[in-house]
Amino acid sequence: MDDTKLQDENARIAALRRLDVLDTVIEEPFEKIVTLVRAVLGVPMATVTLVDRDRQWFKAQRGMGMTETPRSISFCTHTIQQFEPLIVHNALNDPRFADSPLVVGPPHIRSYAGIPLRTPEGYKVGALCAMDNQPRHFSSNDIAILSNFANIVCDELELRQIAESDFLTGALTRRGFIAQAEREIARCRRYDRPSSLVMLDVDHFKSVNDTHGHAIGDHVLRQIAEIAEMMLRSSDMFGRLGGEEFALLLPETTGPDAVVVAERLREAIAAHPMQLPDQNELRVTASFGVAELSPGIGSLTAWLESADAMLYGAKSDGRNRTRLALPALSYQHATICRPGS
C-alpha cells in the first residue's frame, strides 16, 4: 500500500476537486445509499462524506440535521488517514472524539463506522459512515456490508465523472459545462463577483472533415482541447458544447480580461501545427465570442446567447478573431479584429 497517498494532502485535495462534487445538488443514487445503510445496519445516522481542506461536507445524509461541519471536529478526517475502516464503539471512551461537539452536543454521536472512499488514483477523499446515538459493537458482517456500499459510492462518483467528460476531448460535456455554469451564476450573484463566458468555434471545420476525413477532424479537436487545458487556470472550466464548438467559463474574470485569455488561446491555436497520424501537419484557426455576466443577463440561456452572438459576429467579420459583448447594453458590442482566414 502506498503511504505517500495518505500523506500528500495537496494531491488528495486535487483529486477531490477533480470529482467536482462539492456543494452539488441532491442526487438520487447517493440518497438511496444512505437510506439503505441506515435501514440495513439499523443506525439512526448515515452519511456520504467528502473531506475538504477545512470542512467535511455531506453529499448525502440521514439523521445529521446539517450539510457540513468543520473538519477539525470530524470523525472522517481520521478515517481518510488510514487504509482500514475506522471503528469507534464508544466515542466517550476515545480521547480523539470524547470532547467533539458532535459527541457532547447534537447529533450526540456515540458509535461510528467509516469506510474510506478511494479514488481510482488511490486518494482517500471521504468516507461512507454509519453512526449511532448509543455505544455499539459493529460486527465484521456490518463492516462488510458498509464496505460494499462504499464501493458503490465510489463507482457512482466515477460514473458521475464519466458522464460529464467528453469521450473524445476529455473536456466537460455540454451537460457538465451547463451544470458548472449554473453554479457559477449562483456564486456570482451571491457574492457580487465577476465572471465571463467564452465561446469558440473552429473555423472552416466542415472543410477539414470533408477534405481529410472525420478521423483527422477528431485529431484536431483533441489537440485544441489539449492547448486549452494547458493554458487555463485550475479554476477555469472548459467544455465541448457540441461538434467543433467549445466554451470556457472564467470565474473572477471581467470581460476585458476574458478577451485577453481568448486572444492568447486564439493565437496559440493559429500558431500550432496540428499533428496528423500520417506525420503531416494541418493549420486551423478559431473564432471567439466573449460575454461577461452582467446584471442585465438573467439566465444561463441569456449568457450563452450573448457569447454566441459575439461568436457569430466574429465569424461574419472574417473569422480568426474575438468579439466582446458590452455588458451595459446587450445590443451593443465591441470588436477586436485579427486577420481572417
# chains A, B, ... in the order shown; residues from 1 in each chain; ligands from 1
>>> select_by_dssp(residues="stretch 92-340 of chain A", states="helix (DSSP H, G or I)", output="ChimeraX atom specification")
/A:92-93,101-104,140-163,174-191,205-212,214-231,255-271,300-316
>>> write_last_selection(atoms="C-alpha atoms", output="mmCIF file, in the first residue's frame")
data_model
loop_
_atom_site.group_PDB
_atom_site.id
_atom_site.type_symbol
_atom_site.label_atom_id
_atom_site.label_comp_id
_atom_site.auth_asym_id
_atom_site.auth_seq_id
_atom_site.Cartn_x
_atom_site.Cartn_y
_atom_site.Cartn_z
ATOM 1 C CA LEU A 92 -16.867 8.936 25.047
ATOM 2 C CA ASN A 93 -14.040 6.497 25.738
ATOM 3 C CA PRO A 101 -19.092 18.993 19.644
ATOM 4 C CA LEU A 102 -20.628 16.182 17.562
ATOM 5 C CA VAL A 103 -20.373 13.919 20.613
ATOM 6 C CA VAL A 104 -21.159 16.212 23.552
ATOM 7 C CA SER A 140 -17.479 -7.951 10.887
ATOM 8 C CA ASN A 141 -20.675 -8.507 8.905
ATOM 9 C CA ASP A 142 -21.705 -4.875 9.488
ATOM 10 C CA ILE A 143 -18.307 -3.708 8.210
ATOM 11 C CA ALA A 144 -18.541 -5.966 5.158
ATOM 12 C CA ILE A 145 -21.974 -4.568 4.295
ATOM 13 C CA LEU A 146 -20.796 -0.986 4.766
ATOM 14 C CA SER A 147 -17.699 -1.682 2.655
ATOM 15 C CA ASN A 148 -19.854 -2.983 -0.192
ATOM 16 C CA PHE A 149 -21.970 0.156 -0.046
ATOM 17 C CA ALA A 150 -18.783 2.263 -0.039
ATOM 18 C CA ASN A 151 -17.672 0.524 -3.250
ATOM 19 C CA ILE A 152 -20.986 1.520 -4.802
ATOM 20 C CA VAL A 153 -20.444 5.145 -3.732
ATOM 21 C CA CYS A 154 -17.001 5.138 -5.374
ATOM 22 C CA ASP A 155 -18.494 3.667 -8.548
ATOM 23 C CA GLU A 156 -21.192 6.349 -8.582
ATOM 24 C CA LEU A 157 -18.596 9.103 -8.159
ATOM 25 C CA GLU A 158 -16.607 7.679 -11.072
ATOM 26 C CA LEU A 159 -19.698 7.278 -13.263
ATOM 27 C CA ARG A 160 -20.639 10.841 -12.419
ATOM 28 C CA GLN A 161 -17.250 11.950 -13.740
ATOM 29 C CA ILE A 162 -17.531 9.887 -16.905
ATOM 30 C CA ALA A 163 -20.976 11.279 -17.638
ATOM 31 C CA ARG A 174 -22.450 20.095 -22.571
ATOM 32 C CA ARG A 175 -24.379 18.731 -19.586
ATOM 33 C CA GLY A 176 -21.371 19.036 -17.309
ATOM 34 C CA PHE A 177 -20.497 22.521 -18.507
ATOM 35 C CA ILE A 178 -24.054 23.788 -18.072
ATOM 36 C CA ALA A 179 -24.130 22.432 -14.519
ATOM 37 C CA GLN A 180 -20.894 24.285 -13.768
ATOM 38 C CA ALA A 181 -22.163 27.489 -15.354
ATOM 39 C CA GLU A 182 -25.393 27.382 -13.360
ATOM 40 C CA ARG A 183 -23.380 27.100 -10.142
ATOM 41 C CA GLU A 184 -21.107 29.920 -11.258
ATOM 42 C CA ILE A 185 -24.068 32.218 -11.871
ATOM 43 C CA ALA A 186 -25.371 31.500 -8.375
ATOM 44 C CA ARG A 187 -21.926 32.163 -6.869
ATOM 45 C CA CYS A 188 -21.512 35.453 -8.735
ATOM 46 C CA ARG A 189 -24.966 36.678 -7.758
ATOM 47 C CA ARG A 190 -24.408 35.736 -4.122
ATOM 48 C CA TYR A 191 -21.003 37.354 -3.721
ATOM 49 C CA PHE A 205 -14.205 22.763 -39.722
ATOM 50 C CA LYS A 206 -16.611 21.225 -42.217
ATOM 51 C CA SER A 207 -13.978 21.535 -44.927
ATOM 52 C CA VAL A 208 -11.461 19.822 -42.619
ATOM 53 C CA ASN A 209 -13.794 16.854 -42.285
ATOM 54 C CA ASP A 210 -14.743 16.876 -45.967
ATOM 55 C CA THR A 211 -11.140 17.123 -47.187
ATOM 56 C CA HIS A 212 -9.289 14.985 -44.657
ATOM 57 C CA HIS A 214 -13.666 12.769 -39.708
ATOM 58 C CA ALA A 215 -10.782 10.918 -38.053
ATOM 59 C CA ILE A 216 -8.499 13.867 -38.826
ATOM 60 C CA GLY A 217 -11.178 16.239 -37.579
ATOM 61 C CA ASP A 218 -11.203 14.316 -34.296
ATOM 62 C CA HIS A 219 -7.415 14.731 -34.031
ATOM 63 C CA VAL A 220 -7.820 18.480 -34.470
ATOM 64 C CA LEU A 221 -10.469 18.723 -31.773
ATOM 65 C CA ARG A 222 -8.375 16.711 -29.325
ATOM 66 C CA GLN A 223 -5.360 18.949 -29.869
ATOM 67 C CA ILE A 224 -7.388 22.122 -29.471
ATOM 68 C CA ALA A 225 -8.675 20.772 -26.153
ATOM 69 C CA GLU A 226 -5.100 19.965 -25.087
ATOM 70 C CA ILE A 227 -3.946 23.501 -25.933
ATOM 71 C CA ALA A 228 -6.825 24.991 -23.946
ATOM 72 C CA GLU A 229 -6.257 22.770 -20.916
ATOM 73 C CA MET A 230 -2.566 23.711 -20.800
ATOM 74 C CA MET A 231 -3.285 27.438 -20.919
ATOM 75 C CA GLY A 255 -14.995 40.841 -19.946
ATOM 76 C CA PRO A 256 -11.843 42.724 -20.989
ATOM 77 C CA ASP A 257 -9.658 40.277 -19.076
ATOM 78 C CA ALA A 258 -11.518 37.374 -20.677
ATOM 79 C CA VAL A 259 -10.689 38.859 -24.082
ATOM 80 C CA VAL A 260 -7.008 38.672 -23.143
ATOM 81 C CA VAL A 261 -7.442 34.975 -22.324
ATOM 82 C CA ALA A 262 -9.396 34.356 -25.522
ATOM 83 C CA GLU A 263 -6.820 36.154 -27.645
ATOM 84 C CA ARG A 264 -3.984 34.208 -26.104
ATOM 85 C CA LEU A 265 -5.786 30.951 -26.856
ATOM 86 C CA ARG A 266 -6.764 32.085 -30.344
ATOM 87 C CA GLU A 267 -3.151 32.921 -31.165
ATOM 88 C CA ALA A 268 -1.929 29.616 -29.724
ATOM 89 C CA ILE A 269 -4.348 27.641 -31.889
ATOM 90 C CA ALA A 270 -3.413 29.589 -35.015
ATOM 91 C CA ALA A 271 0.306 29.098 -34.352
ATOM 92 C CA LEU A 300 -27.666 30.913 -18.340
ATOM 93 C CA THR A 301 -29.556 30.805 -21.624
ATOM 94 C CA ALA A 302 -29.194 34.576 -21.991
ATOM 95 C CA TRP A 303 -25.485 34.374 -21.111
ATOM 96 C CA LEU A 304 -24.878 31.680 -23.719
ATOM 97 C CA GLU A 305 -26.854 33.624 -26.291
ATOM 98 C CA SER A 306 -24.812 36.766 -25.636
ATOM 99 C CA ALA A 307 -21.494 34.944 -26.121
ATOM 100 C CA ASP A 308 -22.871 33.038 -29.106
ATOM 101 C CA ALA A 309 -23.980 36.273 -30.777
ATOM 102 C CA MET A 310 -20.435 37.598 -30.452
ATOM 103 C CA LEU A 311 -19.067 34.333 -31.852
ATOM 104 C CA TYR A 312 -21.396 34.629 -34.828
ATOM 105 C CA GLY A 313 -20.242 38.229 -35.295
ATOM 106 C CA ALA A 314 -16.593 37.148 -35.249
ATOM 107 C CA LYS A 315 -17.360 34.559 -37.919
ATOM 108 C CA SER A 316 -19.207 37.116 -40.034
#
>>> atom_distance(atom1="atom CA of A:Ser235", atom2="atom CA of A:Leu250")
7.6 Å
>>> atom_distance(atom1="atom CA of A:Gly63", atom2="atom CA of A:Val88")
18.1 Å
>>> atom_distance(atom1="atom CA of A:Cys76", atom2="atom CA of A:Met237")
29.3 Å
>>> residues_around(residues="A:Gln82", least_positions_apart="5", cutoff="9 Å", atoms="only C-alpha atoms", output="tab-separated table (two decimals) with C-alpha atoms, in the first residue's frame")
chain	number	residue	atom	x	y	z
A	3	ASP	CA	1.66	5.52	2.29
A	6	LEU	CA	-2.11	9.25	2.67
A	116	PRO	CA	-12.69	5.37	3.27
A	124	LYS	CA	-8.99	8.94	0.18
>>> decode(residues="stretch 305-330 of chain A", atoms="C-alpha atoms", output="PDB file, in the first residue's frame")
ATOM      1  CA  GLU A 305     -26.854  33.624 -26.291  1.00  0.00           C
ATOM      2  CA  SER A 306     -24.812  36.766 -25.636  1.00  0.00           C
ATOM      3  CA  ALA A 307     -21.494  34.944 -26.121  1.00  0.00           C
ATOM      4  CA  ASP A 308     -22.871  33.038 -29.106  1.00  0.00           C
ATOM      5  CA  ALA A 309     -23.980  36.273 -30.777  1.00  0.00           C
ATOM      6  CA  MET A 310     -20.435  37.598 -30.452  1.00  0.00           C
ATOM      7  CA  LEU A 311     -19.067  34.333 -31.852  1.00  0.00           C
ATOM      8  CA  TYR A 312     -21.396  34.629 -34.828  1.00  0.00           C
ATOM      9  CA  GLY A 313     -20.242  38.229 -35.295  1.00  0.00           C
ATOM     10  CA  ALA A 314     -16.593  37.148 -35.249  1.00  0.00           C
ATOM     11  CA  LYS A 315     -17.360  34.559 -37.919  1.00  0.00           C
ATOM     12  CA  SER A 316     -19.207  37.116 -40.034  1.00  0.00           C
ATOM     13  CA  ASP A 317     -16.336  39.583 -39.772  1.00  0.00           C
ATOM     14  CA  GLY A 318     -13.870  37.146 -41.295  1.00  0.00           C
ATOM     15  CA  ARG A 319     -13.072  34.532 -38.613  1.00  0.00           C
ATOM     16  CA  ASN A 320      -9.927  34.065 -36.524  1.00  0.00           C
ATOM     17  CA  ARG A 321     -10.854  36.947 -34.228  1.00  0.00           C
ATOM     18  CA  THR A 322     -12.513  37.726 -30.899  1.00  0.00           C
ATOM     19  CA  ARG A 323     -15.578  39.821 -30.257  1.00  0.00           C
ATOM     20  CA  LEU A 324     -16.679  41.088 -26.818  1.00  0.00           C
ATOM     21  CA  ALA A 325     -20.253  41.911 -25.817  1.00  0.00           C
ATOM     22  CA  LEU A 326     -20.541  45.172 -23.887  1.00  0.00           C
ATOM     23  CA  PRO A 327     -22.419  44.422 -20.656  1.00  0.00           C
ATOM     24  CA  ALA A 328     -24.268  47.738 -20.364  1.00  0.00           C
ATOM     25  CA  LEU A 329     -26.431  47.348 -23.467  1.00  0.00           C
ATOM     26  CA  SER A 330     -26.985  43.862 -24.825  1.00  0.00           C
TER      27      SER A 330
END
